[in-house]
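Novice: Before anything else, here's the structure in question.
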Amino acid sequence: MFEPDAEAMPAETLAALQQDRLRRLVDLLLAVPGGLQAARLRDAGVTSGAGLTLADLPRLPFTTKRDLWDGYPFGLLAVPREEVVAVHGSSGTGGRPTLVAYTRDDLRLWSRMCARALAAAGATPASIVHNAYGYGLFTGGLGIHQGAIELGATVVPVSGGMTARQVTLITDLKPDILTCTPSYALRLGEALTEAGHPSTSLRAGIFGAEPWTDALRARIQDLLGLRALDIYGLSEIIGPGVAAECVEAADGLHVNEDHFLVEAVDPLTGTPVPDGTPGELVFTTLTKQALPLLRYRTGDIAALRRAPCPCGRTLVKMSKITGRKDDMLVIRGVNVYPSEVERVLLAEPALAPDYLLVLDERDPAQLRLLACVERVTNGAAGLPSVTDIESSLQSRLRETLGLSVAVALLPPGSIPRTEVGKAVRVRRWSGGEPPLAGLA
Ligand SMILES: [Zn+2]
């Protein structure tokens, strides 16, 4: 553990620390001149942090991505602009990016959280970390970079893309830790195999920035011969390092709840759901300075679980993200998360792990979901026929989702591979040419 005193804190000590920090956060927010969160707190009848307990949390106001957009670029700052030493963010779908600010102490906190994630994956100061997350406004690259330095490891800041060069660096430098998106891990695994250099040095991979399933975990582990671990974060909260899996259990992500208080709430009503029930994750940043957020609604769906872990950490675990409130497709009245389709597709060994869902909305009265997949290229002999695969997948998808999904089995190489950033898993087809060659 990078910070055992914090990561293995007894439950009562942790709760007392969280309560103390929550009170200080509320006082800090109330003191921001003209602050949006201050106004909401006063509307909720909260005029001081004193006396608040963790049980009061559900009656405190939420913040949302909309608040960040409305306050763009510096509207929600809780410190003078001069104290901001860095900004990060994500390109928004609505045109405006989501921009977040960091003080020097915020960057230090972020580095420590990423160092915790790396240590949880088994990284040590002797490790070489091949960091293929994109560097830039996106938090993935620089977050892991700073965390690796904080841990004292050697970081290779290769960023995303230029896959041939990555293969060379992995072969020559023999890193033990790989960090990138899970879709790029697949791309790298394929490229290493094609180049005849199956990696032997990599021991663990820390894959995040997009939701992925245990079926994809199995595929990546097979392809790269490493332990594939999940990491979670979002720039609004701090970036990667909000939560990470430990190599000992690898069955959920320990949330760094001494700094990021987590709740799961009903995505529609906003009321807390019990542990073990999937809900929308809501985070309160307990110690951040530049952009402290009270009860930020992430839109990410996961379940929380409190149980002893063989690694010794006492931090609550969140399940892998099972869906995004925003990615949910509504097809003929049925709610579908792309990850549910992924679980079915990746369980079929005759299929390559890349896929694309096409929402065919050319005729709005006849919405159709098409799962576009490829056959594996190796070991073609003895595989079931195209028709057999298509029909068995269609019946399994109907059973799992309660919805008919058309399956299109395409030649290898048809699905676009991810070189940089996050994989595109869903495309809309509202008219004109199909979004993929070979699709009728
Ligand atoms: Zn653990």
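We name chains A, B, ... following the order of the structure tokens; residues begin at 1 in each chain, and ligands are numbered from 1 as shown.
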How close does chain A get to ligand 1? List, as CSV, each residue of chain A within 12 Å, its nearest atom pair and the distance in Å to one decimal, counting only C-alpha atoms and all ligand atoms.

Specialist:
residue,atom,partner,partner_atom_place_in_ligand_line,distance
A:Met1,CA,ligand 1,1 (Zn),10.0
A:Glu7,CA,ligand 1,1 (Zn),9.7
A:Ala8,CA,ligand 1,1 (Zn),9.9
A:Arg116,CA,ligand 1,1 (Zn),11.7
A:Ala117,CA,ligand 1,1 (Zn),10.9
A:Ala119,CA,ligand 1,1 (Zn),11.4
A:Ala120,CA,ligand 1,1 (Zn),7.8
A:Ala121,CA,ligand 1,1 (Zn),10.0
A:Gly122,CA,ligand 1,1 (Zn),11.6
A:Leu229,CA,ligand 1,1 (Zn),11.5
A:Ala243,CA,ligand 1,1 (Zn),11.1
A:Ala244,CA,ligand 1,1 (Zn),9.1
A:Glu245,CA,ligand 1,1 (Zn),6.7
A:Cys246,CA,ligand 1,1 (Zn),4.7
A:Val247,CA,ligand 1,1 (Zn),7.3
A:Glu248,CA,ligand 1,1 (Zn),6.1
A:Ala249,CA,ligand 1,1 (Zn),5.5
A:Ala250,CA,ligand 1,1 (Zn),7.1
A:Asp251,CA,ligand 1,1 (Zn),8.1
A:Gly252,CA,ligand 1,1 (Zn),8.1
A:Leu253,CA,ligand 1,1 (Zn),7.8
A:His254,CA,ligand 1,1 (Zn),6.6
A:Val255,CA,ligand 1,1 (Zn),10.3
A:Asn256,CA,ligand 1,1 (Zn),11.8
A:Arg305,CA,ligand 1,1 (Zn),11.7
A:Arg306,CA,ligand 1,1 (Zn),10.9
A:Ala307,CA,ligand 1,1 (Zn),9.6
A:Pro308,CA,ligand 1,1 (Zn),8.0
A:Cys309,CA,ligand 1,1 (Zn),4.7
A:Pro310,CA,ligand 1,1 (Zn),5.9
A:Cys311,CA,ligand 1,1 (Zn),4.3
A:Gly312,CA,ligand 1,1 (Zn),6.3
A:Arg313,CA,ligand 1,1 (Zn),5.5
A:Thr314,CA,ligand 1,1 (Zn),7.9
A:Leu315,CA,ligand 1,1 (Zn),8.2
A:Val316,CA,ligand 1,1 (Zn),9.3
A:Lys317,CA,ligand 1,1 (Zn),8.2
A:Met318,CA,ligand 1,1 (Zn),11.1

Novice: Quick one: everything within 10 Å of Ala44 in chain A, counting only C-alpha atoms, minus sequence neighbours fewer than 6 positions away in the same chain. Send it as a list in words.

Specialist: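 The neighbour list is Ala38, Arg59, Leu60 and Pro61 of chain A.
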
Novice: Next, write the just-selected residues to a file, as a compact mmCIF listing (two decimals), in the first residue's frame, keeping all heavy atoms as the atom set.

Specialist:
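Output saved as selection-v4.txt:
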# COMPACT_ATOMS: atom_id res chain seq x y z
N ALA A 38 -22.81 27.59 -2.36
CA ALA A 38 -23.17 28.29 -1.12
C ALA A 38 -24.66 28.62 -1.15
O ALA A 38 -25.39 28.40 -0.16
CB ALA A 38 -22.35 29.56 -0.98
N ARG A 59 -29.49 15.13 2.60
CA ARG A 59 -30.28 16.36 2.46
C ARG A 59 -29.44 17.54 1.94
O ARG A 59 -29.96 18.66 1.81
CB ARG A 59 -30.98 16.72 3.79
CG ARG A 59 -30.06 17.13 4.91
CD ARG A 59 -30.86 17.48 6.16
NE ARG A 59 -30.02 17.94 7.25
CZ ARG A 59 -29.71 19.23 7.45
NH1 ARG A 59 -30.18 20.17 6.67
NH2 ARG A 59 -28.92 19.56 8.47
N LEU A 60 -28.17 17.29 1.64
CA LEU A 60 -27.35 18.36 1.05
C LEU A 60 -27.55 18.37 -0.46
O LEU A 60 -27.84 17.35 -1.07
CB LEU A 60 -25.87 18.13 1.41
CG LEU A 60 -25.54 18.08 2.91
CD1 LEU A 60 -24.04 17.95 3.13
CD2 LEU A 60 -26.07 19.33 3.62
N PRO A 61 -27.40 19.56 -1.09
CA PRO A 61 -27.71 19.67 -2.53
C PRO A 61 -26.68 18.96 -3.42
O PRO A 61 -25.52 18.82 -3.06
CB PRO A 61 -27.68 21.18 -2.77
CG PRO A 61 -26.86 21.75 -1.67
CD PRO A 61 -27.05 20.85 -0.48

Novice: Name the residues in contact with Ala365 in chain A at a cut-off of 12 Å, using only C-alpha atoms, excluding same-chain residues fewer than 2 positions from it; report them as a list in words.

Specialist: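 Once the nearby chain positions are removed, what remains is Ile331, Arg332, Gly333, Asp360, Glu361, Arg362, Asp363, Leu367 and Arg368 of chain A.
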
Novice: Mind checking DSSP for range 214-434 of chain A and telling me the helix (DSSP H, G or I) residues as a VMD selection string?

Specialist: chain A and resid 214 to 224 338 to 346 364 to 366 386 to 401

Novice: Atoms to include: C-alpha atoms. Write the selected residues as a short mmCIF file (atom, residue, chain, number, x, y, z; two decimals), in the first residue's frame.

Specialist:
data_model
loop_
_atom_site.label_atom_id
_atom_site.label_comp_id
_atom_site.auth_asym_id
_atom_site.auth_seq_id
_atom_site.Cartn_x
_atom_site.Cartn_y
_atom_site.Cartn_z
CA ASP A 214 -15.18 -8.95 -16.86
CA ALA A 215 -15.53 -10.68 -20.24
CA LEU A 216 -13.18 -8.07 -21.71
CA ARG A 217 -10.87 -8.54 -18.70
CA ALA A 218 -10.52 -12.24 -19.58
CA ARG A 219 -9.77 -11.39 -23.22
CA ILE A 220 -7.10 -8.83 -22.31
CA GLN A 221 -5.46 -11.16 -19.78
CA ASP A 222 -5.27 -13.93 -22.40
CA LEU A 223 -3.88 -11.62 -25.05
CA LEU A 224 -1.28 -9.80 -22.95
CA PRO A 338 -23.97 -1.10 -24.19
CA SER A 339 -22.09 -3.01 -21.47
CA GLU A 340 -24.93 -5.54 -21.23
CA VAL A 341 -24.55 -6.28 -24.93
CA GLU A 342 -20.77 -6.47 -24.53
CA ARG A 343 -21.07 -9.19 -21.88
CA VAL A 344 -23.00 -11.41 -24.30
CA LEU A 345 -20.78 -10.71 -27.31
CA LEU A 346 -17.46 -11.30 -25.55
CA PRO A 364 -37.84 6.21 -36.29
CA ALA A 365 -40.89 3.98 -36.04
CA GLN A 366 -38.68 0.90 -36.55
CA VAL A 386 -21.45 -17.60 -39.56
CA THR A 387 -25.15 -18.46 -39.50
CA ASP A 388 -24.78 -20.55 -36.34
CA ILE A 389 -22.92 -17.77 -34.51
CA GLU A 390 -25.39 -15.11 -35.61
CA SER A 391 -28.44 -17.06 -34.59
CA SER A 392 -27.05 -18.23 -31.23
CA LEU A 393 -25.96 -14.66 -30.38
CA GLN A 394 -29.35 -13.29 -31.37
CA SER A 395 -31.15 -15.69 -29.09
CA ARG A 396 -28.78 -15.02 -26.18
CA LEU A 397 -29.17 -11.25 -26.64
CA ARG A 398 -32.95 -11.60 -26.70
CA GLU A 399 -32.81 -13.64 -23.46
CA THR A 400 -30.47 -11.19 -21.69
CA LEU A 401 -31.94 -7.89 -22.84
#

Novice: What parts of range 103-134 of chain A does DSSP call strand (DSSP E)? I'd like the answer as a ChimeraX atom specification.

Specialist: /A:103,128-131

Novice: Keeping only N, CA, C and O atoms, write the selected residues as a CSV table (one decimal), in the first residue's frame.

Specialist:
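Generated file (out_2.csv):
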chain,number,residue,atom,x,y,z
A,103,THR,N,-5.1,23.4,-7.8
A,103,THR,CA,-4.1,24.1,-7.1
A,103,THR,C,-2.9,23.2,-7.0
A,103,THR,O,-3.0,22.0,-7.3
A,128,ILE,N,8.7,-0.3,-14.0
A,128,ILE,CA,8.7,0.6,-15.2
A,128,ILE,C,7.2,0.6,-15.7
A,128,ILE,O,6.6,-0.4,-15.9
A,129,VAL,N,6.7,1.8,-15.8
A,129,VAL,CA,5.3,2.0,-16.1
A,129,VAL,C,5.2,2.5,-17.6
A,129,VAL,O,5.7,3.6,-17.9
A,130,HIS,N,4.6,1.7,-18.5
A,130,HIS,CA,4.4,2.1,-19.9
A,130,HIS,C,3.1,2.8,-19.9
A,130,HIS,O,2.0,2.2,-19.9
A,131,ASN,N,3.1,4.1,-20.0
A,131,ASN,CA,1.9,4.9,-19.9
A,131,ASN,C,1.3,5.3,-21.2
A,131,ASN,O,1.8,6.3,-21.8

Novice: Find the spatial neighbours of Leu293 in chain A, counting only C-alpha atoms, within a cut-off of 12 Å - ignore same-chain residues fewer than 5 positions away - and output them as a PyMOL selection string.

Specialist: chain A and resi 22+25-26+28-29+35-38+60-65+67-68+76-78+100-101+235-238+259-262+282-288+298

Novice: Identify which of the residues A:Leu14, A:Val242, A:Val424, A:Leu137 lies closest to Asp327 in chain A, counting only C-alpha atoms when measuring atom-to-atom distances.

Specialist: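 Once distances to Asp327 in chain A are computed over only C-alpha atoms, the minimum belongs to A:Val424.
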
Novice: In terms of the shortest atom-to-atom distance over only C-alpha atoms, which of A:Gln166, A:Thr213, A:Ser159, A:Gln18 is closest to Gly143 in chain A?

Specialist: A:Ser159

Novice: I'd like to know which of A:Thr163, A:Ser90, A:Thr168, A:Thr47 is closest to Leu186 in chain A, using only C-alpha atoms.

Specialist: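 Result for the nearest residue to Leu186 in chain A: A:Thr163.
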
Novice: Do you know which residues are at most 10 Å from Thr418 in chain A counting only C-alpha atoms, after dropping those on the same chain fewer than 5 positions away, and could you put them as a compact mmCIF listing (two decimals) with N, CA, C and O atoms, in the first residue's frame?

Specialist:
# COMPACT_ATOMS: atom_id res chain seq x y z
N GLY A 160 -0.92 8.01 -26.28
CA GLY A 160 -1.66 7.07 -27.13
C GLY A 160 -1.16 7.13 -28.57
O GLY A 160 -0.47 8.06 -28.97
N GLY A 161 -1.52 6.12 -29.37
CA GLY A 161 -1.22 6.13 -30.80
C GLY A 161 0.18 5.66 -31.13
O GLY A 161 0.94 5.27 -30.26
N THR A 181 -6.33 2.73 -22.01
CA THR A 181 -7.74 2.34 -22.03
C THR A 181 -7.80 0.84 -22.34
O THR A 181 -6.92 0.31 -23.01
N PRO A 182 -8.86 0.15 -21.89
CA PRO A 182 -8.95 -1.29 -22.19
C PRO A 182 -9.01 -1.56 -23.69
O PRO A 182 -8.46 -2.56 -24.16
N SER A 183 -9.63 -0.67 -24.46
CA SER A 183 -9.70 -0.91 -25.91
C SER A 183 -8.32 -0.78 -26.53
O SER A 183 -7.97 -1.51 -27.45
N TYR A 184 -7.50 0.14 -26.01
CA TYR A 184 -6.15 0.26 -26.57
C TYR A 184 -5.27 -0.91 -26.11
O TYR A 184 -4.37 -1.33 -26.84
N ALA A 185 -5.55 -1.46 -24.94
CA ALA A 185 -4.81 -2.65 -24.50
C ALA A 185 -5.00 -3.79 -25.50
O ALA A 185 -4.06 -4.52 -25.82
N LEU A 186 -6.23 -3.93 -26.01
CA LEU A 186 -6.50 -4.95 -27.03
C LEU A 186 -5.68 -4.67 -28.29
O LEU A 186 -5.08 -5.57 -28.87
N ARG A 187 -5.70 -3.41 -28.70
CA ARG A 187 -4.97 -3.02 -29.92
C ARG A 187 -3.48 -3.34 -29.75
O ARG A 187 -2.85 -3.90 -30.64
N LEU A 188 -2.93 -2.99 -28.57
CA LEU A 188 -1.51 -3.24 -28.31
C LEU A 188 -1.21 -4.73 -28.28
O LEU A 188 -0.19 -5.19 -28.80
N ASP A 354 -13.36 -6.68 -30.38
CA ASP A 354 -13.85 -5.35 -30.75
C ASP A 354 -15.26 -5.47 -31.32
O ASP A 354 -15.57 -6.43 -32.02
N ALA A 423 -12.80 4.33 -26.81
CA ALA A 423 -13.41 3.61 -27.92
C ALA A 423 -14.81 4.13 -28.17
O ALA A 423 -15.52 4.51 -27.25
N VAL A 424 -15.19 4.18 -29.45
CA VAL A 424 -16.58 4.50 -29.78
C VAL A 424 -17.32 3.18 -29.89
O VAL A 424 -16.95 2.32 -30.69

Novice: Which is closer to Ala123 in chain A than all the others in A:Gly189, A:Gly431, A:Gly49, A:Gly152, using only C-alpha atoms?

Specialist: A:Gly152

Novice: Mind giving me the straight-line distance from CA of Thr277 in chain A to CA of Pro58 in chain A in Å, one decimal?

Specialist: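 One can read the CA of Thr277 in chain A to CA of Pro58 in chain A distance as 16.8 Å.
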